[in-house]
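Below is model.txt, holding compact mmCIF, C-alpha atoms.
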```txt
# COMPACT_ATOMS: atom_id res chain seq x y z
CA MET T 1 -59.87 -24.72 -34.21
CA ALA T 2 -62.00 -23.34 -37.06
CA TYR T 3 -59.04 -21.94 -39.00
CA PRO T 4 -57.25 -25.29 -39.60
CA ALA T 5 -60.64 -26.86 -40.29
CA VAL T 6 -61.26 -24.32 -43.05
CA ARG T 7 -57.76 -24.89 -44.46
CA ALA T 8 -58.50 -28.62 -44.57
CA LEU T 9 -61.31 -27.83 -47.03
CA ARG T 10 -59.01 -26.13 -49.55
CA HIS T 11 -59.50 -28.88 -52.15
CA ARG T 12 -63.31 -28.68 -51.92
CA PRO T 13 -64.75 -25.68 -53.82
CA VAL T 14 -67.81 -25.47 -51.55
CA ALA T 15 -68.59 -27.40 -48.36
CA ARG T 16 -70.91 -27.15 -45.36
CA VAL T 17 -69.29 -27.03 -41.93
CA PRO T 18 -71.43 -27.33 -38.79
CA ARG T 19 -71.48 -24.13 -36.66
CA VAL T 20 -69.43 -22.31 -39.30
CA GLY T 21 -71.59 -22.18 -42.45
CA LEU T 22 -71.22 -22.84 -46.16
CA VAL T 23 -67.49 -22.51 -46.80
CA VAL T 24 -66.40 -21.30 -50.25
CA SER T 25 -62.81 -22.11 -51.28
CA ASP T 26 -63.10 -21.40 -55.02
CA ALA T 27 -62.11 -17.90 -56.18
CA ALA T 28 -64.65 -17.68 -59.02
CA VAL T 29 -67.52 -18.70 -56.73
CA ALA T 30 -66.28 -16.34 -54.03
CA ARG T 31 -66.21 -13.41 -56.44
CA GLU T 32 -69.76 -14.20 -57.57
CA VAL T 33 -70.95 -14.09 -53.95
CA LEU T 34 -69.14 -10.83 -53.22
CA LEU T 35 -70.57 -9.14 -56.30
CA ASP T 36 -74.15 -10.35 -55.70
CA VAL T 37 -75.18 -7.82 -53.04
CA ASP T 38 -78.87 -8.53 -53.66
CA ARG T 39 -78.64 -12.05 -52.25
CA PHE T 40 -75.53 -11.91 -50.03
CA SER T 41 -75.11 -9.18 -47.45
CA LYS T 42 -72.76 -7.89 -44.77
CA VAL T 43 -75.90 -7.26 -42.71
CA GLY T 44 -77.92 -10.11 -41.21
CA PRO T 45 -77.48 -13.39 -39.31
CA GLY T 46 -73.88 -14.61 -39.29
CA SER T 47 -72.57 -11.54 -41.12
CA PRO T 48 -70.03 -8.90 -40.01
CA SER T 49 -72.88 -6.85 -38.58
CA ASP T 50 -73.40 -9.51 -35.89
CA LEU T 51 -69.82 -9.01 -34.75
CA TRP T 52 -69.34 -5.27 -35.08
CA THR T 53 -72.67 -3.46 -34.77
CA PRO T 54 -72.91 -4.05 -30.97
CA ILE T 55 -69.46 -2.45 -30.62
CA LEU T 56 -69.26 0.22 -33.32
CA GLY T 57 -72.91 1.08 -33.94
CA PRO T 58 -74.98 0.63 -37.11
CA SER T 59 -73.30 3.17 -39.40
CA VAL T 60 -69.82 1.92 -40.29
CA LEU T 61 -68.77 0.41 -43.61
CA LEU T 62 -68.31 -3.01 -42.00
CA ASN T 63 -72.05 -3.38 -41.47
CA MET T 64 -73.79 -1.32 -44.15
CA GLU T 65 -75.36 -2.05 -47.52
CA GLY T 66 -77.03 -0.27 -50.42
CA ALA T 67 -77.41 3.48 -50.80
CA GLU T 68 -76.34 4.25 -47.21
CA HIS T 69 -73.13 2.28 -47.68
CA ALA T 70 -72.39 4.03 -50.98
CA ALA T 71 -73.00 7.43 -49.40
CA MET T 72 -70.66 6.64 -46.51
CA ARG T 73 -67.92 5.49 -48.91
CA ARG T 74 -68.25 8.72 -50.90
CA ALA T 75 -68.04 10.76 -47.72
CA LEU T 76 -64.93 8.94 -46.50
CA GLY T 77 -63.23 8.77 -49.90
CA PRO T 78 -61.18 11.98 -49.50
CA ILE T 79 -59.63 10.60 -46.30
CA PHE T 80 -58.01 7.86 -48.41
CA SER T 81 -56.90 9.86 -51.42
CA PRO T 82 -53.21 9.37 -52.39
CA ARG T 83 -52.28 12.74 -50.93
CA ALA T 84 -54.22 12.19 -47.70
CA VAL T 85 -52.68 8.79 -46.96
CA ARG T 86 -49.17 10.10 -47.69
CA GLU T 87 -49.74 12.89 -45.18
CA LEU T 88 -51.10 10.48 -42.59
CA VAL T 89 -48.15 8.13 -43.05
CA ALA T 90 -45.72 11.05 -42.86
CA GLY T 91 -47.29 12.15 -39.56
CA ARG T 92 -48.69 15.50 -40.68
CA GLU T 93 -52.12 14.61 -39.28
CA SER T 94 -50.89 14.33 -35.69
CA GLY T 95 -48.11 16.88 -35.59
CA GLY T 96 -45.51 14.19 -34.97
CA PRO T 97 -43.09 11.97 -36.85
CA ALA T 98 -45.58 9.07 -37.02
CA MET T 99 -43.85 6.08 -38.53
CA GLY T 100 -40.96 8.17 -39.80
CA GLY T 101 -39.18 8.06 -36.45
CA ALA T 102 -39.32 4.27 -36.15
CA LEU T 103 -38.21 3.79 -39.74
CA ALA T 104 -35.34 6.27 -39.48
CA GLU T 105 -34.09 4.52 -36.34
CA MET T 106 -34.36 1.16 -38.12
CA ALA T 107 -32.32 2.43 -41.08
CA ALA T 108 -29.61 3.89 -38.84
CA ARG T 109 -29.25 0.70 -36.82
CA LEU T 110 -29.06 -1.51 -39.92
CA ASP T 111 -26.60 0.84 -41.59
CA ALA T 112 -24.37 0.61 -38.52
CA GLY T 113 -24.29 -3.17 -38.79
CA GLY T 114 -26.92 -3.87 -36.15
CA THR T 115 -30.00 -6.09 -36.05
CA VAL T 116 -33.58 -4.84 -35.83
CA ASP T 117 -36.87 -6.52 -35.02
CA LEU T 118 -39.04 -5.66 -38.01
CA ALA T 119 -42.20 -6.83 -36.23
CA ALA T 120 -41.60 -4.27 -33.48
CA VAL T 121 -40.86 -1.54 -36.02
CA VAL T 122 -44.05 -2.24 -37.96
CA ALA T 123 -46.06 -2.37 -34.73
CA ALA T 124 -44.77 1.11 -33.91
CA GLN T 125 -45.56 2.18 -37.47
CA ALA T 126 -49.14 0.91 -37.33
CA GLY T 127 -49.64 2.35 -33.85
CA ALA T 128 -48.43 5.75 -35.00
CA VAL T 129 -50.97 5.73 -37.82
CA ILE T 130 -53.68 4.84 -35.29
CA CYS T 131 -52.58 7.85 -33.28
CA GLY T 132 -52.99 9.96 -36.38
CA LEU T 133 -56.47 8.59 -36.96
CA VAL T 134 -57.67 9.20 -33.41
CA GLY T 135 -55.87 12.53 -32.91
CA LEU T 136 -53.17 11.42 -30.43
CA PRO T 137 -49.58 12.64 -30.61
CA PRO T 138 -47.59 9.51 -31.57
CA THR T 139 -45.51 9.17 -28.39
CA ASP T 140 -44.09 5.73 -27.57
CA ALA T 141 -46.61 5.22 -24.77
CA ALA T 142 -49.57 6.26 -26.91
CA VAL T 143 -48.48 3.95 -29.73
CA ARG T 144 -48.10 0.94 -27.42
CA GLU T 145 -51.43 1.58 -25.73
CA SER T 146 -53.22 2.06 -29.05
CA MET T 147 -51.87 -1.19 -30.45
CA ALA T 148 -52.69 -3.14 -27.31
CA ALA T 149 -56.21 -1.73 -27.23
CA ALA T 150 -56.94 -2.63 -30.85
CA GLN T 151 -55.50 -6.13 -30.51
CA ALA T 152 -57.51 -6.73 -27.34
CA VAL T 153 -60.68 -6.41 -29.41
CA THR T 154 -59.73 -8.21 -32.63
CA GLY T 155 -58.16 -11.06 -30.68
CA MET T 156 -61.60 -12.01 -29.35
CA VAL T 157 -63.01 -12.87 -32.80
CA ARG T 158 -63.44 -16.57 -33.61
CA LEU T 159 -64.72 -17.96 -36.90
CA HIS T 160 -66.97 -20.54 -35.26
CA ARG T 161 -68.58 -17.88 -33.03
CA ARG T 162 -71.12 -15.74 -34.86
CA ARG T 163 -71.09 -12.92 -32.34
CA LEU T 164 -69.13 -11.80 -29.31
CA THR T 165 -70.41 -12.58 -25.84
CA THR T 166 -72.10 -9.93 -23.72
CA SER T 167 -68.99 -9.50 -21.57
CA GLN T 168 -66.76 -9.29 -24.65
CA VAL T 169 -68.97 -6.61 -26.17
CA ALA T 170 -68.88 -4.61 -22.95
CA HIS T 171 -65.09 -4.91 -22.78
CA ALA T 172 -64.69 -3.93 -26.44
CA ARG T 173 -66.90 -0.88 -25.96
CA ARG T 174 -64.83 0.28 -23.00
CA VAL T 175 -61.60 -0.20 -24.95
CA LEU T 176 -62.84 1.69 -27.99
CA GLU T 177 -64.38 4.44 -25.89
CA GLU T 178 -60.99 5.11 -24.33
CA LEU T 179 -59.18 4.76 -27.64
CA THR T 180 -61.47 7.12 -29.56
CA ALA T 181 -61.85 9.78 -26.83
CA PRO T 182 -59.20 12.00 -28.49
CA ALA T 183 -60.96 11.50 -31.82
CA ARG T 184 -64.20 12.74 -30.28
CA ASP T 185 -62.44 15.84 -28.98
CA ALA T 186 -60.83 16.47 -32.37
CA TYR T 187 -64.18 16.05 -34.10
CA ARG T 188 -65.89 18.52 -31.78
CA ALA T 189 -63.06 21.02 -32.21
CA GLY T 190 -63.55 20.81 -35.98
CA ASP T 191 -59.82 21.05 -36.68
CA GLU T 192 -59.51 19.81 -40.26
CA SER T 193 -55.80 19.17 -39.85
CA THR T 194 -56.95 16.02 -38.00
CA VAL T 195 -58.76 13.05 -39.52
CA PRO T 196 -61.78 13.31 -37.15
CA GLY T 197 -62.01 17.05 -37.80
CA ARG T 198 -61.92 16.43 -41.53
CA MET T 199 -64.72 13.88 -41.16
CA ARG T 200 -66.84 16.59 -39.58
CA GLY T 201 -66.01 18.89 -42.47
CA LEU T 202 -67.06 16.16 -44.91
CA GLY T 203 -70.51 16.06 -43.29
CA LEU T 204 -70.29 12.94 -41.12
CA SER T 205 -72.17 13.01 -37.85
CA GLU T 206 -70.20 12.48 -34.65
CA ARG T 207 -71.60 8.99 -34.32
CA GLU T 208 -70.65 8.11 -37.90
CA ALA T 209 -67.16 9.55 -37.52
CA MET T 210 -66.46 7.71 -34.27
CA GLY T 211 -67.74 4.46 -35.76
CA ALA T 212 -65.54 4.94 -38.81
CA VAL T 213 -62.46 5.66 -36.70
CA GLY T 214 -63.13 2.57 -34.60
CA ALA T 215 -63.59 0.43 -37.70
CA PHE T 216 -60.35 1.65 -39.28
CA VAL T 217 -58.44 0.99 -36.08
CA LEU T 218 -59.81 -2.54 -35.71
CA THR T 219 -59.54 -3.64 -39.33
CA GLY T 220 -56.31 -1.94 -40.35
CA THR T 221 -54.07 -2.60 -37.38
CA GLU T 222 -53.44 -6.32 -37.65
CA THR T 223 -53.45 -6.27 -41.45
CA ILE T 224 -50.38 -4.10 -41.81
CA GLN T 225 -48.63 -5.51 -38.73
CA SER T 226 -49.04 -9.01 -40.12
CA PHE T 227 -48.18 -8.37 -43.74
CA VAL T 228 -44.94 -6.39 -43.82
CA PRO T 229 -42.78 -8.89 -41.84
CA ARG T 230 -44.28 -11.76 -43.82
CA LEU T 231 -43.55 -9.94 -47.08
CA LEU T 232 -39.87 -9.60 -46.17
CA ALA T 233 -39.69 -13.21 -44.97
CA ILE T 234 -41.19 -14.55 -48.19
CA ALA T 235 -38.98 -12.36 -50.38
CA HIS T 236 -35.92 -13.57 -48.43
CA ASP T 237 -36.89 -17.26 -48.55
CA THR T 238 -37.70 -17.25 -52.29
CA GLY T 239 -34.76 -15.18 -53.49
CA TRP T 240 -36.84 -12.12 -54.43
CA MET T 241 -35.46 -9.72 -51.83
CA GLU T 242 -32.99 -7.97 -54.13
CA ARG T 243 -35.64 -7.45 -56.79
CA LEU T 244 -38.15 -6.22 -54.21
CA LEU T 245 -35.69 -3.58 -53.00
CA ALA T 246 -34.00 -2.82 -56.34
CA SER T 247 -33.55 0.80 -57.39
CA GLY T 248 -36.38 1.98 -59.61
CA GLY T 249 -38.85 -0.39 -57.99
CA GLU T 250 -40.28 -1.80 -61.25
CA LEU T 251 -40.70 -5.24 -59.66
CA ARG T 252 -41.90 -4.02 -56.28
CA ARG T 253 -45.60 -4.02 -57.02
CA PRO T 254 -45.76 -7.56 -58.51
CA VAL T 255 -43.79 -8.92 -55.54
CA VAL T 256 -45.98 -7.10 -53.01
CA GLU T 257 -49.21 -8.21 -54.67
CA GLU T 258 -48.04 -11.80 -54.92
CA ALA T 259 -47.08 -11.74 -51.25
CA LEU T 260 -50.54 -10.37 -50.44
CA ARG T 261 -52.04 -13.27 -52.37
CA VAL T 262 -50.16 -15.95 -50.45
CA THR T 263 -50.40 -14.32 -47.01
CA VAL T 264 -54.04 -13.25 -47.47
CA PRO T 265 -54.48 -10.37 -44.98
CA THR T 266 -58.20 -11.15 -44.77
CA PRO T 267 -58.31 -14.96 -44.35
CA ALA T 268 -62.11 -15.14 -44.37
CA MET T 269 -65.09 -12.96 -45.30
CA LEU T 270 -68.63 -13.40 -44.03
CA ARG T 271 -71.94 -12.94 -45.79
CA SER T 272 -75.52 -13.47 -44.69
CA VAL T 273 -77.90 -14.96 -47.27
CA ARG T 274 -80.74 -12.55 -48.08
CA ALA T 275 -82.68 -14.73 -50.53
CA ASP T 276 -82.65 -18.36 -51.62
CA ALA T 277 -79.76 -19.04 -53.98
CA VAL T 278 -77.36 -21.69 -55.25
CA VAL T 279 -73.67 -21.36 -54.38
CA GLY T 280 -71.33 -23.71 -56.20
CA GLY T 281 -74.09 -26.28 -56.56
CA HIS T 282 -75.24 -25.98 -52.94
CA ARG T 283 -78.62 -24.47 -52.16
CA VAL T 284 -78.75 -21.80 -49.46
CA HIS T 285 -81.70 -20.07 -47.84
CA ALA T 286 -82.36 -16.68 -46.29
CA GLY T 287 -80.60 -16.48 -42.93
CA ASP T 288 -77.86 -18.96 -43.86
CA ARG T 289 -74.22 -17.96 -43.48
CA VAL T 290 -71.59 -18.05 -46.24
CA VAL T 291 -67.93 -18.06 -45.22
CA ILE T 292 -65.62 -17.11 -48.06
CA ALA T 293 -62.34 -18.83 -47.22
CA THR T 294 -60.21 -16.18 -48.88
CA VAL T 295 -57.07 -17.97 -47.71
CA ASN T 296 -58.08 -21.06 -49.71
CA CYS T 297 -59.26 -19.08 -52.74
CA CYS T 298 -56.02 -17.13 -53.02
CA ARG T 299 -53.51 -19.81 -52.14
CA GLY T 300 -55.20 -22.19 -54.54
CA ALA T 301 -53.63 -20.21 -57.37
CA GLY T 302 -50.25 -21.82 -56.64
CA ALA T 303 -46.95 -21.15 -54.92
CA PHE T 304 -45.40 -17.70 -54.62
CA ASP T 305 -44.33 -16.56 -58.09
CA PRO T 306 -44.39 -12.82 -58.93
CA GLY T 307 -43.64 -13.64 -62.56
CA ALA T 308 -46.73 -15.82 -63.09
CA ALA T 309 -49.87 -14.67 -64.86
CA VAL T 310 -52.54 -13.45 -62.45
CA ASP T 311 -55.90 -15.23 -62.37
CA PRO T 312 -58.52 -12.45 -62.77
CA ASP T 313 -60.79 -14.19 -60.27
CA VAL T 314 -58.02 -14.05 -57.66
CA ARG T 315 -56.71 -10.52 -58.35
CA HIS T 316 -57.08 -8.36 -55.22
CA LEU T 317 -59.62 -10.83 -53.78
CA TRP T 318 -57.92 -10.45 -50.38
CA PHE T 319 -59.31 -6.88 -50.35
CA GLY T 320 -62.79 -7.97 -51.41
CA ALA T 321 -64.73 -7.20 -54.57
CA GLY T 322 -67.53 -4.95 -55.74
CA PRO T 323 -68.98 -2.18 -53.58
CA HIS T 324 -67.25 -3.51 -50.45
CA PHE T 325 -63.73 -3.47 -51.90
CA CYS T 326 -61.43 -2.30 -49.09
CA LEU T 327 -61.56 1.49 -48.80
CA GLY T 328 -58.37 1.52 -46.73
CA MET T 329 -56.19 -0.23 -49.32
CA PRO T 330 -54.33 2.98 -50.31
CA LEU T 331 -53.36 3.56 -46.67
CA ALA T 332 -52.13 -0.02 -46.29
CA MET T 333 -50.05 0.26 -49.46
CA ALA T 334 -48.61 3.60 -48.34
CA GLN T 335 -47.42 1.99 -45.12
CA VAL T 336 -45.85 -0.91 -47.02
CA ASP T 337 -44.10 1.50 -49.40
CA ALA T 338 -42.76 3.53 -46.47
CA VAL T 339 -40.95 0.47 -45.11
CA LEU T 340 -39.62 -0.59 -48.51
CA ASP T 341 -38.52 2.97 -49.33
CA THR T 342 -36.50 2.93 -46.10
CA LEU T 343 -34.84 -0.42 -46.80
CA ALA T 344 -34.13 0.04 -50.52
CA PRO T 345 -31.22 2.53 -50.16
CA LEU T 346 -29.53 0.17 -47.70
CA ALA T 347 -29.49 -2.72 -50.18
CA THR T 348 -26.80 -1.20 -52.40
CA GLY T 349 -23.06 -1.59 -52.92
CA GLY T 350 -23.17 -5.33 -52.42
CA ARG T 351 -25.19 -5.19 -49.21
CA ARG T 352 -28.20 -7.46 -48.79
CA VAL T 353 -31.13 -7.32 -46.38
CA VAL T 354 -31.19 -10.66 -44.55
CA VAL T 355 -33.98 -12.18 -42.45
CA GLY T 356 -32.80 -13.96 -39.30
CA ARG T 357 -34.64 -15.33 -36.27
CA ARG T 358 -38.43 -15.47 -36.38
CA ARG T 359 -41.07 -15.98 -33.71
CA PRO T 360 -44.74 -16.55 -34.55
CA ALA T 361 -47.48 -14.55 -32.85
CA ARG T 362 -50.15 -16.34 -30.84
CA ARG T 363 -53.83 -15.55 -30.23
CA VAL T 364 -54.11 -13.12 -33.13
CA LEU T 365 -56.86 -12.71 -35.72
CA VAL T 366 -54.46 -12.68 -38.70
CA PRO T 367 -51.35 -14.92 -38.74
CA ALA T 368 -48.27 -12.83 -37.96
CA TYR T 369 -44.75 -12.78 -36.54
CA ARG T 370 -44.18 -11.69 -32.95
CA GLY T 371 -40.57 -11.11 -33.86
CA LEU T 372 -38.59 -11.09 -37.11
CA GLU T 373 -34.95 -10.00 -37.17
CA LEU T 374 -33.40 -8.06 -40.05
CA SER T 375 -29.76 -7.30 -40.67
CA LEU T 376 -27.47 -6.32 -43.54
CA ALA T 377 -24.94 -8.71 -45.06
CA GLY T 378 -22.14 -7.76 -47.40
CA PRO T 379 -18.81 -5.93 -47.43
CA GLN T 380 -20.06 -2.45 -46.55
CA ALA T 381 -22.25 -3.71 -43.71
CA SER T 382 -19.38 -5.64 -42.15
CA GLN T 383 -17.03 -2.66 -42.44
CA THR T 384 -19.59 -0.35 -40.82
CA GLY T 385 -20.27 -2.85 -38.07
CA ALA T 386 -16.57 -3.19 -37.35
```
Take the structure in this file and express it as structure tokens.
Amino acid sequence: MAYPAVRALRHRPVARVPRVGLVVSDAAVAREVLLDVDRFSKVGPGSPSDLWTPILGPSVLLNMEGAEHAAMRRALGPIFSPRAVRELVAGRESGGPAMGGALAEMAARLDAGGTVDLAAVVAAQAGAVICGLVGLPPTDAAVRESMAAAQAVTGMVRLHRRRLTTSQVAHARRVLEELTAPARDAYRAGDESTVPGRMRGLGLSEREAMGAVGAFVLTGTETIQSFVPRLLAIAHDTGWMERLLASGGELRRPVVEEALRVTVPTPAMLRSVRADAVVGGHRVHAGDRVVIATVNCCRGAGAFDPGAAVDPDVRHLWFGAGPHFCLGMPLAMAQVDAVLDTLAPLATGGRRVVVGRRRPARRVLVPAYRGLELSLAGPQASQTGA
């Protein structure tokens, strides 16, 4: 119920909502809040720490500030270098094909004139990356179980509820304990060909490493699973598909970033007020809660148009701003590129990637498709299919 209520406030830059907090729907005001870490924190009443500390512990990026947060980011930085994320996406971390197998199968089926469910492919892709993070071989069963486990936790989050219930916390801990057990083994073995082993080599304690793995699993899973099908749907509906998949890829990045702006993979961000302040003309006090309605801030810049000038206040706001800018962005973009790199060679010789039937997902943290069908149209596709 809170999500449509927040969307209803999109024409009000700042507004108070009972049980939710001070809702910010203006991008410039939102950026000011995100950059002012002295007065607005991810730690405190109503902040992300209320949700995640009982589950993940006190030392994960989701619930840290100041020097400790900066030190953790520096320690984890090498995990998200361009080379590291390419290796993780390619499956070299887990000794398996990771997403490559699902994408190769998708390409073969499309090339033969068949139809694929992109939502299922991306779910397998995201699950395989989870397997790489936690040290599991990316078998079909492991991927499905990893995805289900992560979604079981994130699906419990509600904007109007400042923390999870005692039973929800207990359930989430059990789920993550099972999910990260292989990561704990990999950490203790110290094998730096695995992500947990590399964390140990970078100096993270076991508790810090397990918290980081859990945080990446929870925050990254639904983001990528939601975005890629929506990207293809938007490109199809607006006539940008051919340019998105064109050889050379000069237009890919503007189309992807514009799709990120209108889909907003992080619909809301939470901050706890540390000291009395004024936000968009509204006075707030220590202990108050600020809800940055990222979905309103980003969509307020207009309809989907990759050729339009980008408002600097909106640019990348869906990934945050300042010291809490999303550390996992390179991994997310590597996963998006892997899908587009697979589809681009198919959209040649008069063939077009076409979006068919769609089914929305229910009871998810980030809006997504449960199913989205892709096929190829054009002379070569029909000949192959025949």
Find the spatial neighbours of region 250-253 of chain T, counting only C-alpha atoms, within a cut-off of 10 Å - ignore same-chain residues fewer than 3 positions away - and output them as a list in words.
Trp240, Met241, Glu242, Arg243, Leu244, Leu245, Ala246, Ser247, Val256, Glu257, Glu258, Ala259, Pro306, Gly307, Met333, Asp337 and Leu340 of chain T
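Residues within 9 Å of Pro82 (chain T), counting all atoms listed in the file and excluding same-chain residues fewer than 5 positions away, are Glu87, Pro330, Leu331 and Ala334 of chain T.
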Using only C-alpha atoms, the best pick from T:Val279, T:Ala301, T:Leu176, T:Val228 as closest to Val122 (chain T) would be T:Val228
Excluding same-chain residues fewer than 2 positions from Asp313 (chain T), what lies within 10 Å of it counting all atoms listed in the file, as a PDB file with C-alpha atoms, in the coordinates of the input?
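For reference, selection-v6.pdb as written:
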```pdb
ATOM      1  CA  ASP T  26     -63.100 -21.400 -55.020  1.00  0.00           C
ATOM      2  CA  ALA T  27     -62.110 -17.900 -56.180  1.00  0.00           C
ATOM      3  CA  ALA T  28     -64.650 -17.680 -59.020  1.00  0.00           C
ATOM      4  CA  VAL T  29     -67.520 -18.700 -56.730  1.00  0.00           C
ATOM      5  CA  ALA T  30     -66.280 -16.340 -54.030  1.00  0.00           C
ATOM      6  CA  ARG T  31     -66.210 -13.410 -56.440  1.00  0.00           C
ATOM      7  CA  GLU T  32     -69.760 -14.200 -57.570  1.00  0.00           C
ATOM      8  CA  CYS T 297     -59.260 -19.080 -52.740  1.00  0.00           C
ATOM      9  CA  CYS T 298     -56.020 -17.130 -53.020  1.00  0.00           C
ATOM     10  CA  ALA T 301     -53.630 -20.210 -57.370  1.00  0.00           C
ATOM     11  CA  VAL T 310     -52.540 -13.450 -62.450  1.00  0.00           C
ATOM     12  CA  ASP T 311     -55.900 -15.230 -62.370  1.00  0.00           C
ATOM     13  CA  ARG T 315     -56.710 -10.520 -58.350  1.00  0.00           C
ATOM     14  CA  HIS T 316     -57.080  -8.360 -55.220  1.00  0.00           C
ATOM     15  CA  LEU T 317     -59.620 -10.830 -53.780  1.00  0.00           C
ATOM     16  CA  ALA T 321     -64.730  -7.200 -54.570  1.00  0.00           C
TER      17      ALA T 321
END
```
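The space separating CA of Val291 (chain T) from CA of Ala215 (chain T) comes to 20.4 Å.
Each of T:Gly350, T:Phe304, T:Gly101, T:Leu270 was checked against Val255 (chain T) using only C-alpha atoms; the smallest atom-to-atom distance is that of T:Phe304.
When all atoms listed in the file are used to compute distances to Leu164 (chain T), the closest of the residues T:Thr223, T:Gly46, T:Gly322, T:Val6 turns out to be T:Gly46.
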If we count only C-alpha atoms, what is near Arg198 (chain T) at a cut-off of 12 Å, once residues fewer than 3 positions away on the same chain are taken out, given as a ChimeraX atom specification? /T:75-80,84,93,133-135,183,186-195,201-206,209,213
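Of the listed residues (T:Leu118, T:Val366, T:Ala15, T:Ala170), T:Val366 comes nearest to Pro267 (chain T); the distances count all atoms listed in the file.
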re CA of Gly57 (chain T) and CA of Arg271 (chain T): distance 18.4 Å
